[in-house]
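Below is one structure, written out as structure tokens; comments come after it.
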Amino acid sequence: MRLAETSLVHQLAPINETHAGLLPTLILLHGRGANEEDLLGLVPFLSAHMLCIAARAPFEFSFGGYTWYEFRPSGSPDTGQLMKSYHLLLQFLDDIQKSYPVDPRQTYLLGFSMGAVMAYALSLTKPGRIKGVVAHSGYIPEDTSLQFQWGGLQDTSFFVAHGVNDPVIPVEYGRKAKALLEKTNAPFVYREYPMQHQISEDSLRDLNAWLLAHVKSATDVARPS
């Protein structure tokens, strides 16, 4: 499948191009200092039959790779860059639906670290466009101008994973996300793992099972009896 021109540089995981119809789609959002190839290594370990699209963050990171935003001296995100990335991701959703066999009813996000922050940004502001989110080792960007739709999350599911020994984004941020989601009508699963800032075999196994169950459930519902 040829790559389309979109708002963000991206890569596709190989798929069976003989498949007819729209596919459940997983958008992979990498962390700071990585690129669109970083999370593609997870795809062979995922059981759900999905179109997997890995997006590249728009800003070059001074130490190599790319970033979704930089930080202010206070430690908070640069709001201007975060919002630029946010709007590029929204456009990216439109672009891929026009260019690839994306099922708009089954669009999932898998974000790691800063990629998880962006996954929260999209799903909490546009819940009708996102079916499910894997937010791994990230945090909800509260200190921004994003308008979260806390009351409209009933159809968006979350799998939140965090390492208890994470030295980059401490586990307290994962627990804060859990506390915020508990106040909503969103279905979610929260898991902690004995790891640092990483995706472990255990967390990969669990997020894989979560994705498989949700994709299968949505496909069964959509399939005529």
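Ligands are numbered from 1 in the order shown, residues from 1 within each chain, and chains are lettered A, B, ... in the order they appear in the structure tokens.
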Tell me, as an mmCIF file with N, CA and C atoms, in the first residue's frame, which residues lie within 9 Å of stretch 189-195 of chain A, counting only C-alpha atoms; anything in the same chain fewer than 4 positions away does not count.
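Wrote it out as selection-v6.cif, contents follow:
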```cif
data_model
loop_
_atom_site.group_PDB
_atom_site.id
_atom_site.type_symbol
_atom_site.label_atom_id
_atom_site.label_comp_id
_atom_site.auth_asym_id
_atom_site.auth_seq_id
_atom_site.Cartn_x
_atom_site.Cartn_y
_atom_site.Cartn_z
ATOM 1 N N SER A 157 -13.148 3.599 25.424
ATOM 2 C CA SER A 157 -12.530 2.769 26.462
ATOM 3 C C SER A 157 -11.045 3.091 26.585
ATOM 4 N N PHE A 158 -10.519 2.888 27.801
ATOM 5 C CA PHE A 158 -9.114 3.214 28.076
ATOM 6 C C PHE A 158 -8.421 2.027 28.746
ATOM 7 N N PHE A 159 -7.193 1.787 28.313
ATOM 8 C CA PHE A 159 -6.280 0.888 29.019
ATOM 9 C C PHE A 159 -5.090 1.741 29.435
ATOM 10 N N VAL A 160 -4.935 1.942 30.737
ATOM 11 C CA VAL A 160 -3.885 2.815 31.269
ATOM 12 C C VAL A 160 -2.850 1.949 31.970
ATOM 13 N N ALA A 161 -1.595 2.057 31.540
ATOM 14 C CA ALA A 161 -0.511 1.258 32.109
ATOM 15 C C ALA A 161 0.619 2.170 32.558
ATOM 16 N N HIS A 162 1.246 1.822 33.693
ATOM 17 C CA HIS A 162 2.355 2.634 34.196
ATOM 18 C C HIS A 162 3.299 1.761 35.018
ATOM 19 N N GLY A 163 4.581 2.108 34.966
ATOM 20 C CA GLY A 163 5.580 1.419 35.767
ATOM 21 C C GLY A 163 5.719 2.059 37.139
ATOM 22 N N VAL A 164 5.731 1.250 38.182
ATOM 23 C CA VAL A 164 5.827 1.808 39.535
ATOM 24 C C VAL A 164 7.202 2.407 39.801
ATOM 25 N N ASN A 165 8.191 2.045 38.985
ATOM 26 C CA ASN A 165 9.552 2.570 39.172
ATOM 27 C C ASN A 165 9.945 3.547 38.057
ATOM 28 N N ASP A 166 8.959 4.145 37.415
ATOM 29 C CA ASP A 166 9.217 5.043 36.292
ATOM 30 C C ASP A 166 9.926 6.308 36.777
ATOM 31 N N VAL A 171 4.888 7.264 38.623
ATOM 32 C CA VAL A 171 3.621 6.528 38.630
ATOM 33 C C VAL A 171 2.472 7.362 39.171
ATOM 34 N N GLY A 174 0.183 8.367 36.475
ATOM 35 C CA GLY A 174 -0.755 7.328 36.072
ATOM 36 C C GLY A 174 -1.910 7.218 37.043
ATOM 37 N N ARG A 175 -1.604 7.328 38.326
ATOM 38 C CA ARG A 175 -2.658 7.243 39.345
ATOM 39 C C ARG A 175 -3.587 8.454 39.271
ATOM 40 N N LYS A 178 -5.980 7.735 36.522
ATOM 41 C CA LYS A 178 -6.982 6.788 37.033
ATOM 42 C C LYS A 178 -8.051 7.524 37.841
ATOM 43 N N ILE A 199 7.791 -0.410 27.986
ATOM 44 C CA ILE A 199 6.712 -1.369 27.781
ATOM 45 C C ILE A 199 7.300 -2.745 28.046
ATOM 46 N N SER A 200 6.827 -3.406 29.058
ATOM 47 C CA SER A 200 7.368 -4.705 29.444
ATOM 48 C C SER A 200 6.598 -5.826 28.754
ATOM 49 N N ASP A 202 4.911 -8.056 30.251
ATOM 50 C CA ASP A 202 3.616 -8.181 30.922
ATOM 51 C C ASP A 202 2.636 -7.117 30.453
ATOM 52 N N SER A 203 3.092 -5.868 30.351
ATOM 53 C CA SER A 203 2.172 -4.813 29.923
ATOM 54 C C SER A 203 1.784 -4.995 28.463
ATOM 55 N N ASP A 206 -0.887 -7.665 28.314
ATOM 56 C CA ASP A 206 -2.194 -7.191 28.793
ATOM 57 C C ASP A 206 -2.844 -6.215 27.820
ATOM 58 N N TRP A 210 -6.361 -6.703 25.780
ATOM 59 C CA TRP A 210 -7.390 -5.658 25.843
ATOM 60 C C TRP A 210 -7.814 -5.231 24.446
#
```
With a distance cut-off of 9 Å and only C-alpha atoms, select the neighbouring residues of stretch 118-126 of chain A, excluding the residue or stretch itself and same-chain residues fewer than 5 positions from it, and output the selection as a compact mmCIF listing (two decimals) with N, CA and C atoms, in the first residue's frame.
```txt
# COMPACT_ATOMS: atom_id res chain seq x y z
N LEU A 29 1.51 6.33 18.55
CA LEU A 29 2.07 7.65 18.85
C LEU A 29 3.28 7.48 19.76
N TRP A 68 6.51 15.86 20.35
CA TRP A 68 5.19 16.48 20.15
C TRP A 68 5.15 17.89 20.70
N LEU A 82 2.07 22.03 21.80
CA LEU A 82 1.12 20.95 22.06
C LEU A 82 -0.14 21.12 21.22
N SER A 85 0.51 20.28 17.57
CA SER A 85 0.50 18.83 17.39
C SER A 85 -0.91 18.27 17.45
N TYR A 86 -1.69 18.78 18.38
CA TYR A 86 -3.07 18.34 18.54
C TYR A 86 -3.87 18.56 17.25
N LEU A 89 -2.78 16.23 14.51
CA LEU A 89 -3.32 14.88 14.72
C LEU A 89 -4.78 14.80 14.31
N LEU A 90 -5.55 15.82 14.63
CA LEU A 90 -6.94 15.84 14.19
C LEU A 90 -7.03 15.79 12.66
N LEU A 109 -6.10 4.39 19.59
CA LEU A 109 -4.80 5.05 19.76
C LEU A 109 -3.96 4.24 20.73
N LEU A 110 -2.68 4.11 20.41
CA LEU A 110 -1.72 3.54 21.36
C LEU A 110 -0.57 4.52 21.49
N GLY A 111 -0.49 5.15 22.64
CA GLY A 111 0.55 6.14 22.87
C GLY A 111 1.45 5.75 24.01
N PHE A 112 2.75 5.97 23.82
CA PHE A 112 3.73 5.74 24.88
C PHE A 112 4.34 7.06 25.31
N LYS A 131 -12.43 5.11 19.48
CA LYS A 131 -13.11 3.99 20.12
C LYS A 131 -12.40 3.53 21.38
N GLY A 132 -11.07 3.55 21.35
CA GLY A 132 -10.32 3.08 22.52
C GLY A 132 -8.91 3.63 22.53
N VAL A 133 -8.33 3.67 23.73
CA VAL A 133 -7.00 4.26 23.93
C VAL A 133 -6.17 3.36 24.82
N VAL A 134 -4.94 3.08 24.39
CA VAL A 134 -3.92 2.52 25.26
C VAL A 134 -2.99 3.66 25.61
N ALA A 135 -3.00 4.08 26.87
CA ALA A 135 -2.15 5.18 27.35
C ALA A 135 -1.08 4.57 28.25
N GLY A 138 2.13 7.65 30.51
CA GLY A 138 1.92 9.06 30.19
C GLY A 138 1.14 9.78 31.27
N TYR A 139 0.51 10.89 30.88
CA TYR A 139 -0.30 11.66 31.83
C TYR A 139 -1.35 12.45 31.06
N ILE A 140 -2.40 12.86 31.74
CA ILE A 140 -3.44 13.69 31.14
C ILE A 140 -2.99 15.16 31.20
N PRO A 141 -2.93 15.84 30.06
CA PRO A 141 -2.42 17.23 30.02
C PRO A 141 -3.47 18.23 30.50
N LEU A 146 -6.99 22.73 26.32
CA LEU A 146 -7.86 21.68 25.79
C LEU A 146 -9.17 21.63 26.57
N GLN A 147 -10.26 21.41 25.85
CA GLN A 147 -11.58 21.35 26.46
C GLN A 147 -12.01 19.88 26.54
N PHE A 148 -11.76 19.27 27.68
CA PHE A 148 -12.07 17.85 27.84
C PHE A 148 -13.58 17.63 27.97
N GLN A 149 -14.08 16.59 27.32
CA GLN A 149 -15.50 16.24 27.35
C GLN A 149 -15.70 15.12 28.38
N TRP A 150 -15.55 15.47 29.64
CA TRP A 150 -15.59 14.46 30.69
C TRP A 150 -16.92 13.72 30.76
N GLY A 152 -18.82 12.82 28.21
CA GLY A 152 -19.18 12.13 26.97
C GLY A 152 -18.28 10.97 26.61
N LEU A 153 -17.74 10.29 27.62
CA LEU A 153 -16.75 9.25 27.37
C LEU A 153 -17.30 7.83 27.44
N THR A 156 -15.94 5.48 24.75
CA THR A 156 -14.49 5.42 24.55
C THR A 156 -13.86 4.68 25.73
```
Identify which of the residues A:Val215, A:Gly31, A:Leu204, A:His49 lies closest to A:Val168, counting only C-alpha atoms when measuring atom-to-atom distances.
->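 Of the candidates, the smallest distance to A:Val168 is held by A:Gly31.
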Which one is closest to A:Ala177: A:Thr144, A:Gln97, A:Ser137, A:Asn208? Count only C-alpha atoms.
-> A:Ser137
Write down as a PyMOL selection string the residues belonging to stretch 2-164 of chain A that are assigned strand (DSSP E) by DSSP computed on the backbone.
-> chain A and resi 10-12+23-29+51-55+59-60+66-67+102-112+132-136+157-163
State, in Å with one decimal place, the distance from atom CA of A:Tyr66 to atom CA of A:Val43.
->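 Pair atom CA of A:Tyr66 / atom CA of A:Val43 returns 20.7 Å.
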Extract, using only C-alpha atoms, all DNA, RNA and protein residues at most 12 Å from A:Ala57, discarding same-chain residues fewer than 4 positions from it, and format them as a ChimeraX atom specification.
-> /A:7-10,28-38,61,65-70,81-82,84-89,92,111,114-115,118
Dump N, CA and C atoms for the selected residues as an mmCIF file, in the first residue's frame?
```
data_model
loop_
_atom_site.group_PDB
_atom_site.id
_atom_site.type_symbol
_atom_site.label_atom_id
_atom_site.label_comp_id
_atom_site.auth_asym_id
_atom_site.auth_seq_id
_atom_site.Cartn_x
_atom_site.Cartn_y
_atom_site.Cartn_z
ATOM 1 N N SER A 7 -1.046 15.091 7.073
ATOM 2 C CA SER A 7 -0.511 16.184 7.887
ATOM 3 C C SER A 7 0.715 15.784 8.676
ATOM 4 N N LEU A 8 0.936 14.473 8.866
ATOM 5 C CA LEU A 8 2.083 13.982 9.611
ATOM 6 C C LEU A 8 2.797 12.883 8.825
ATOM 7 N N VAL A 9 4.114 12.885 8.881
ATOM 8 C CA VAL A 9 4.879 11.772 8.328
ATOM 9 C C VAL A 9 4.473 10.501 9.063
ATOM 10 N N HIS A 10 4.360 9.396 8.347
ATOM 11 C CA HIS A 10 3.889 8.166 8.977
ATOM 12 C C HIS A 10 4.399 6.945 8.238
ATOM 13 N N LEU A 28 -0.361 4.599 16.185
ATOM 14 C CA LEU A 28 0.742 4.507 17.134
ATOM 15 C C LEU A 28 1.401 5.871 17.296
ATOM 16 N N LEU A 29 1.509 6.328 18.549
ATOM 17 C CA LEU A 29 2.072 7.645 18.855
ATOM 18 C C LEU A 29 3.283 7.476 19.758
ATOM 19 N N HIS A 30 4.451 7.765 19.223
ATOM 20 C CA HIS A 30 5.707 7.519 19.934
ATOM 21 C C HIS A 30 5.984 8.586 20.986
ATOM 22 N N GLY A 31 7.001 8.335 21.785
ATOM 23 C CA GLY A 31 7.407 9.262 22.821
ATOM 24 C C GLY A 31 8.473 10.236 22.351
ATOM 25 N N ARG A 32 8.908 11.074 23.269
ATOM 26 C CA ARG A 32 9.890 12.116 22.968
ATOM 27 C C ARG A 32 11.231 11.510 22.560
ATOM 28 N N GLY A 33 11.802 12.054 21.472
ATOM 29 C CA GLY A 33 13.111 11.614 21.022
ATOM 30 C C GLY A 33 13.095 10.367 20.162
ATOM 31 N N ALA A 34 11.910 9.878 19.807
ATOM 32 C CA ALA A 34 11.790 8.704 18.942
ATOM 33 C C ALA A 34 11.242 9.150 17.586
ATOM 34 N N ASN A 35 10.782 8.185 16.806
ATOM 35 C CA ASN A 35 10.170 8.511 15.517
ATOM 36 C C ASN A 35 9.075 7.500 15.211
ATOM 37 N N GLU A 36 8.541 7.581 14.001
ATOM 38 C CA GLU A 36 7.388 6.761 13.649
ATOM 39 C C GLU A 36 7.692 5.267 13.600
ATOM 40 N N GLU A 37 8.965 4.893 13.565
ATOM 41 C CA GLU A 37 9.311 3.472 13.519
ATOM 42 C C GLU A 37 9.389 2.848 14.913
ATOM 43 N N ASP A 38 9.387 3.669 15.939
ATOM 44 C CA ASP A 38 9.668 3.197 17.298
ATOM 45 C C ASP A 38 8.676 2.140 17.772
ATOM 46 N N PHE A 61 13.561 17.030 17.831
ATOM 47 C CA PHE A 61 14.070 17.089 19.198
ATOM 48 C C PHE A 61 15.568 17.345 19.140
ATOM 49 N N GLY A 65 15.715 12.497 17.023
ATOM 50 C CA GLY A 65 14.328 12.075 16.956
ATOM 51 C C GLY A 65 13.380 13.268 16.903
ATOM 52 N N TYR A 66 12.157 13.037 17.355
ATOM 53 C CA TYR A 66 11.110 14.046 17.232
ATOM 54 C C TYR A 66 10.309 14.138 18.530
ATOM 55 N N THR A 67 9.610 15.252 18.666
ATOM 56 C CA THR A 67 8.831 15.462 19.881
ATOM 57 C C THR A 67 7.502 16.116 19.526
ATOM 58 N N TRP A 68 6.507 15.864 20.346
ATOM 59 C CA TRP A 68 5.188 16.476 20.147
ATOM 60 C C TRP A 68 5.147 17.895 20.699
ATOM 61 N N TYR A 69 6.011 18.171 21.668
ATOM 62 C CA TYR A 69 6.114 19.520 22.234
ATOM 63 C C TYR A 69 7.354 19.585 23.109
ATOM 64 N N GLU A 70 7.788 20.794 23.418
ATOM 65 C CA GLU A 70 8.867 21.012 24.370
ATOM 66 C C GLU A 70 8.262 21.434 25.713
ATOM 67 N N GLN A 81 3.061 24.556 21.119
ATOM 68 C CA GLN A 81 3.487 23.376 20.374
ATOM 69 C C GLN A 81 2.528 22.211 20.581
ATOM 70 N N LEU A 82 2.067 22.031 21.803
ATOM 71 C CA LEU A 82 1.122 20.946 22.063
ATOM 72 C C LEU A 82 -0.140 21.117 21.223
ATOM 73 N N LYS A 84 -0.425 22.782 18.421
ATOM 74 C CA LYS A 84 -0.096 22.561 17.003
ATOM 75 C C LYS A 84 -0.107 21.062 16.708
ATOM 76 N N SER A 85 0.506 20.280 17.573
ATOM 77 C CA SER A 85 0.501 18.830 17.386
ATOM 78 C C SER A 85 -0.913 18.274 17.452
ATOM 79 N N TYR A 86 -1.691 18.783 18.380
ATOM 80 C CA TYR A 86 -3.071 18.345 18.540
ATOM 81 C C TYR A 86 -3.874 18.559 17.248
ATOM 82 N N HIS A 87 -3.757 19.734 16.659
ATOM 83 C CA HIS A 87 -4.514 20.029 15.443
ATOM 84 C C HIS A 87 -3.989 19.235 14.250
ATOM 85 N N LEU A 88 -2.684 18.983 14.217
ATOM 86 C CA LEU A 88 -2.135 18.138 13.155
ATOM 87 C C LEU A 88 -2.639 16.705 13.286
ATOM 88 N N LEU A 89 -2.778 16.227 14.514
ATOM 89 C CA LEU A 89 -3.318 14.882 14.721
ATOM 90 C C LEU A 89 -4.781 14.800 14.313
ATOM 91 N N PHE A 92 -4.767 14.578 10.761
ATOM 92 C CA PHE A 92 -4.255 13.262 10.393
ATOM 93 C C PHE A 92 -5.387 12.230 10.401
ATOM 94 N N GLY A 111 -0.490 5.151 22.644
ATOM 95 C CA GLY A 111 0.549 6.144 22.867
ATOM 96 C C GLY A 111 1.455 5.749 24.011
ATOM 97 N N MET A 114 5.057 10.613 25.920
ATOM 98 C CA MET A 114 4.455 11.814 25.361
ATOM 99 C C MET A 114 3.392 11.463 24.331
ATOM 100 N N GLY A 115 3.546 10.329 23.689
ATOM 101 C CA GLY A 115 2.514 9.864 22.771
ATOM 102 C C GLY A 115 1.217 9.548 23.494
ATOM 103 N N MET A 118 -0.628 12.775 24.035
ATOM 104 C CA MET A 118 -1.364 13.187 22.846
ATOM 105 C C MET A 118 -2.597 12.308 22.628
#
```
Using only C-alpha atoms, the residue out of A:Ala116, A:Leu39, A:Pro73, A:Thr25 with shortest distance to A:Leu93 is A:Thr25
Just the helix (DSSP H, G or I) stuff from stretch 1-214 of chain A, please, per backbone DSSP, written as a tab-separated table (two decimals) with N, CA and C atoms, in the first residue's frame.
```tsv
chain	number	residue	atom	x	y	z
A	39	LEU	N	7.39	2.37	17.59
A	39	LEU	CA	6.38	1.45	18.12
A	39	LEU	C	5.94	0.40	17.11
A	40	LEU	N	6.43	0.49	15.88
A	40	LEU	CA	6.06	-0.52	14.89
A	40	LEU	C	6.55	-1.92	15.29
A	41	GLY	N	7.59	-1.97	16.12
A	41	GLY	CA	8.09	-3.26	16.58
A	41	GLY	C	7.09	-4.02	17.44
A	42	LEU	N	6.07	-3.31	17.96
A	42	LEU	CA	5.04	-3.98	18.76
A	42	LEU	C	4.04	-4.74	17.89
A	43	VAL	N	3.89	-4.31	16.64
A	43	VAL	CA	2.80	-4.81	15.81
A	43	VAL	C	2.81	-6.33	15.64
A	44	PRO	N	3.97	-6.98	15.41
A	44	PRO	CA	3.94	-8.45	15.27
A	44	PRO	C	3.43	-9.18	16.51
A	45	PHE	N	3.41	-8.51	17.65
A	45	PHE	CA	2.96	-9.15	18.89
A	45	PHE	C	1.49	-8.86	19.20
A	79	THR	N	2.41	25.11	25.49
A	79	THR	CA	1.03	24.98	25.04
A	79	THR	C	0.90	25.21	23.54
A	80	GLY	N	1.67	26.16	23.00
A	80	GLY	CA	1.58	26.44	21.57
A	80	GLY	C	1.97	25.23	20.74
A	81	GLN	N	3.06	24.56	21.12
A	81	GLN	CA	3.49	23.38	20.37
A	81	GLN	C	2.53	22.21	20.58
A	82	LEU	N	2.07	22.03	21.80
A	82	LEU	CA	1.12	20.95	22.06
A	82	LEU	C	-0.14	21.12	21.22
A	83	MET	N	-0.65	22.34	21.16
A	83	MET	CA	-1.87	22.57	20.39
A	83	MET	C	-1.62	22.42	18.89
A	84	LYS	N	-0.43	22.78	18.42
A	84	LYS	CA	-0.10	22.56	17.00
A	84	LYS	C	-0.11	21.06	16.71
A	85	SER	N	0.51	20.28	17.57
A	85	SER	CA	0.50	18.83	17.39
A	85	SER	C	-0.91	18.27	17.45
A	86	TYR	N	-1.69	18.78	18.38
A	86	TYR	CA	-3.07	18.34	18.54
A	86	TYR	C	-3.87	18.56	17.25
A	87	HIS	N	-3.76	19.73	16.66
A	87	HIS	CA	-4.51	20.03	15.44
A	87	HIS	C	-3.99	19.24	14.25
A	88	LEU	N	-2.68	18.98	14.22
A	88	LEU	CA	-2.13	18.14	13.15
A	88	LEU	C	-2.64	16.71	13.29
A	89	LEU	N	-2.78	16.23	14.51
A	89	LEU	CA	-3.32	14.88	14.72
A	89	LEU	C	-4.78	14.80	14.31
A	90	LEU	N	-5.55	15.82	14.63
A	90	LEU	CA	-6.94	15.84	14.19
A	90	LEU	C	-7.03	15.79	12.66
A	91	GLN	N	-6.19	16.58	12.00
A	91	GLN	CA	-6.16	16.55	10.55
A	91	GLN	C	-5.70	15.19	10.04
A	92	PHE	N	-4.77	14.58	10.76
A	92	PHE	CA	-4.26	13.26	10.39
A	92	PHE	C	-5.39	12.23	10.40
A	93	LEU	N	-6.28	12.31	11.39
A	93	LEU	CA	-7.43	11.40	11.44
A	93	LEU	C	-8.27	11.55	10.16
A	94	ASP	N	-8.50	12.78	9.74
A	94	ASP	CA	-9.26	13.01	8.51
A	94	ASP	C	-8.51	12.47	7.29
A	95	ASP	N	-7.21	12.74	7.25
A	95	ASP	CA	-6.40	12.35	6.09
A	95	ASP	C	-6.39	10.84	5.90
A	96	ILE	N	-6.17	10.10	6.97
A	96	ILE	CA	-6.04	8.64	6.81
A	96	ILE	C	-7.39	8.01	6.46
A	97	GLN	N	-8.48	8.62	6.92
A	97	GLN	CA	-9.79	8.07	6.57
A	97	GLN	C	-10.09	8.24	5.08
A	98	LYS	N	-9.49	9.25	4.48
A	98	LYS	CA	-9.67	9.47	3.04
A	98	LYS	C	-8.71	8.61	2.21
A	99	SER	N	-7.62	8.15	2.82
A	99	SER	CA	-6.54	7.53	2.06
A	99	SER	C	-6.40	6.03	2.26
A	114	MET	N	5.06	10.61	25.92
A	114	MET	CA	4.46	11.81	25.36
A	114	MET	C	3.39	11.46	24.33
A	115	GLY	N	3.55	10.33	23.69
A	115	GLY	CA	2.51	9.86	22.77
A	115	GLY	C	1.22	9.55	23.49
A	116	ALA	N	1.32	9.05	24.73
A	116	ALA	CA	0.13	8.81	25.54
A	116	ALA	C	-0.55	10.13	25.90
A	117	VAL	N	0.25	11.17	26.15
A	117	VAL	CA	-0.31	12.49	26.43
A	117	VAL	C	-1.16	12.95	25.24
A	118	MET	N	-0.63	12.77	24.04
A	118	MET	CA	-1.36	13.19	22.85
A	118	MET	C	-2.60	12.31	22.63
A	119	ALA	N	-2.50	11.03	22.98
A	119	ALA	CA	-3.67	10.15	22.87
A	119	ALA	C	-4.78	10.61	23.81
A	120	TYR	N	-4.40	11.00	25.02
A	120	TYR	CA	-5.39	11.58	25.94
A	120	TYR	C	-5.98	12.86	25.36
A	121	ALA	N	-5.12	13.72	24.81
A	121	ALA	CA	-5.59	15.00	24.28
A	121	ALA	C	-6.68	14.79	23.22
A	122	LEU	N	-6.46	13.84	22.31
A	122	LEU	CA	-7.44	13.58	21.26
A	122	LEU	C	-8.71	12.94	21.81
A	123	SER	N	-8.53	11.88	22.59
A	123	SER	CA	-9.68	11.09	23.01
A	123	SER	C	-10.57	11.81	24.01
A	124	LEU	N	-9.99	12.64	24.85
A	124	LEU	CA	-10.78	13.34	25.87
A	124	LEU	C	-11.48	14.58	25.32
A	125	THR	N	-11.03	15.08	24.18
A	125	THR	CA	-11.68	16.24	23.57
A	125	THR	C	-12.60	15.84	22.43
A	127	PRO	N	-14.15	12.45	21.91
A	127	PRO	CA	-14.39	11.04	22.23
A	127	PRO	C	-15.18	10.29	21.16
A	128	GLY	N	-16.02	11.00	20.41
A	128	GLY	CA	-16.80	10.34	19.38
A	128	GLY	C	-15.96	9.81	18.24
A	129	ARG	N	-14.73	10.27	18.13
A	129	ARG	CA	-13.87	9.85	17.02
A	129	ARG	C	-12.92	8.72	17.40
A	150	TRP	N	-15.55	15.47	29.64
A	150	TRP	CA	-15.59	14.46	30.69
A	150	TRP	C	-16.92	13.72	30.76
A	151	GLY	N	-17.99	14.35	30.34
A	151	GLY	CA	-19.30	13.72	30.43
A	151	GLY	C	-19.69	12.89	29.22
A	152	GLY	N	-18.82	12.82	28.21
A	152	GLY	CA	-19.18	12.13	26.97
A	152	GLY	C	-18.28	10.97	26.61
A	171	VAL	N	4.89	7.26	38.62
A	171	VAL	CA	3.62	6.53	38.63
A	171	VAL	C	2.47	7.36	39.17
A	172	GLU	N	2.77	8.40	39.96
A	172	GLU	CA	1.71	9.27	40.47
A	172	GLU	C	0.89	9.89	39.34
A	173	TYR	N	1.52	10.10	38.18
A	173	TYR	CA	0.78	10.65	37.04
A	173	TYR	C	-0.21	9.64	36.49
A	174	GLY	N	0.18	8.37	36.47
A	174	GLY	CA	-0.75	7.33	36.07
A	174	GLY	C	-1.91	7.22	37.04
A	175	ARG	N	-1.60	7.33	38.33
A	175	ARG	CA	-2.66	7.24	39.34
A	175	ARG	C	-3.59	8.45	39.27
A	176	LYS	N	-3.05	9.60	38.88
A	176	LYS	CA	-3.90	10.78	38.71
A	176	LYS	C	-4.85	10.58	37.53
A	177	ALA	N	-4.35	9.98	36.46
A	177	ALA	CA	-5.22	9.68	35.31
A	177	ALA	C	-6.33	8.73	35.73
A	178	LYS	N	-5.98	7.74	36.52
A	178	LYS	CA	-6.98	6.79	37.03
A	178	LYS	C	-8.05	7.52	37.84
A	179	ALA	N	-7.61	8.42	38.73
A	179	ALA	CA	-8.56	9.16	39.57
A	179	ALA	C	-9.48	10.03	38.72
A	180	LEU	N	-8.95	10.64	37.67
A	180	LEU	CA	-9.78	11.47	36.80
A	180	LEU	C	-10.78	10.63	36.01
A	181	LEU	N	-10.35	9.48	35.51
A	181	LEU	CA	-11.25	8.63	34.74
A	181	LEU	C	-12.33	8.01	35.63
A	182	GLU	N	-12.01	7.80	36.90
A	182	GLU	CA	-13.01	7.23	37.82
A	182	GLU	C	-14.21	8.16	38.00
A	201	GLU	N	7.10	-7.04	28.89
A	201	GLU	CA	6.39	-8.20	28.33
A	201	GLU	C	5.00	-8.32	28.95
A	202	ASP	N	4.91	-8.06	30.25
A	202	ASP	CA	3.62	-8.18	30.92
A	202	ASP	C	2.64	-7.12	30.45
A	203	SER	N	3.09	-5.87	30.35
A	203	SER	CA	2.17	-4.81	29.92
A	203	SER	C	1.78	-5.00	28.46
A	204	LEU	N	2.71	-5.48	27.63
A	204	LEU	CA	2.40	-5.75	26.23
A	204	LEU	C	1.38	-6.86	26.12
A	205	ARG	N	1.54	-7.91	26.93
A	205	ARG	CA	0.57	-9.01	26.91
A	205	ARG	C	-0.82	-8.51	27.28
A	206	ASP	N	-0.89	-7.67	28.31
A	206	ASP	CA	-2.19	-7.19	28.79
A	206	ASP	C	-2.84	-6.22	27.82
A	207	LEU	N	-2.07	-5.30	27.25
A	207	LEU	CA	-2.67	-4.35	26.30
A	207	LEU	C	-3.09	-5.07	25.03
A	208	ASN	N	-2.34	-6.11	24.65
A	208	ASN	CA	-2.70	-6.91	23.49
A	208	ASN	C	-4.04	-7.60	23.71
A	209	ALA	N	-4.21	-8.20	24.89
A	209	ALA	CA	-5.46	-8.87	25.21
A	209	ALA	C	-6.62	-7.88	25.24
A	210	TRP	N	-6.36	-6.70	25.78
A	210	TRP	CA	-7.39	-5.66	25.84
A	210	TRP	C	-7.81	-5.23	24.45
A	211	LEU	N	-6.85	-4.98	23.58
A	211	LEU	CA	-7.16	-4.58	22.21
A	211	LEU	C	-7.94	-5.67	21.49
A	212	LEU	N	-7.48	-6.91	21.62
A	212	LEU	CA	-8.14	-8.02	20.94
A	212	LEU	C	-9.60	-8.14	21.37
A	213	ALA	N	-9.83	-8.04	22.67
A	213	ALA	CA	-11.20	-8.16	23.19
A	213	ALA	C	-12.09	-7.04	22.66
A	214	HIS	N	-11.57	-5.80	22.63
A	214	HIS	CA	-12.39	-4.68	22.19
A	214	HIS	C	-12.64	-4.70	20.69
```
Provide the atom CA of A:Leu51 to atom CA of A:Tyr108 distance in Å, to one decimal place.
->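 Result for atom CA of A:Leu51 versus atom CA of A:Tyr108: 10.1 Å, one decimal.
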Judged by only C-alpha atoms, the minimum distance to A:Ile27 among A:Ile130, A:Arg2, A:Phe59, A:Ile169 is found for A:Ile130
In terms of the shortest atom-to-atom distance over only C-alpha atoms, which of A:Pro58, A:Gly75, A:Pro167, A:Gly21 is closest to A:Pro101?
->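 Closest residue, counting only C-alpha atoms: A:Gly21.
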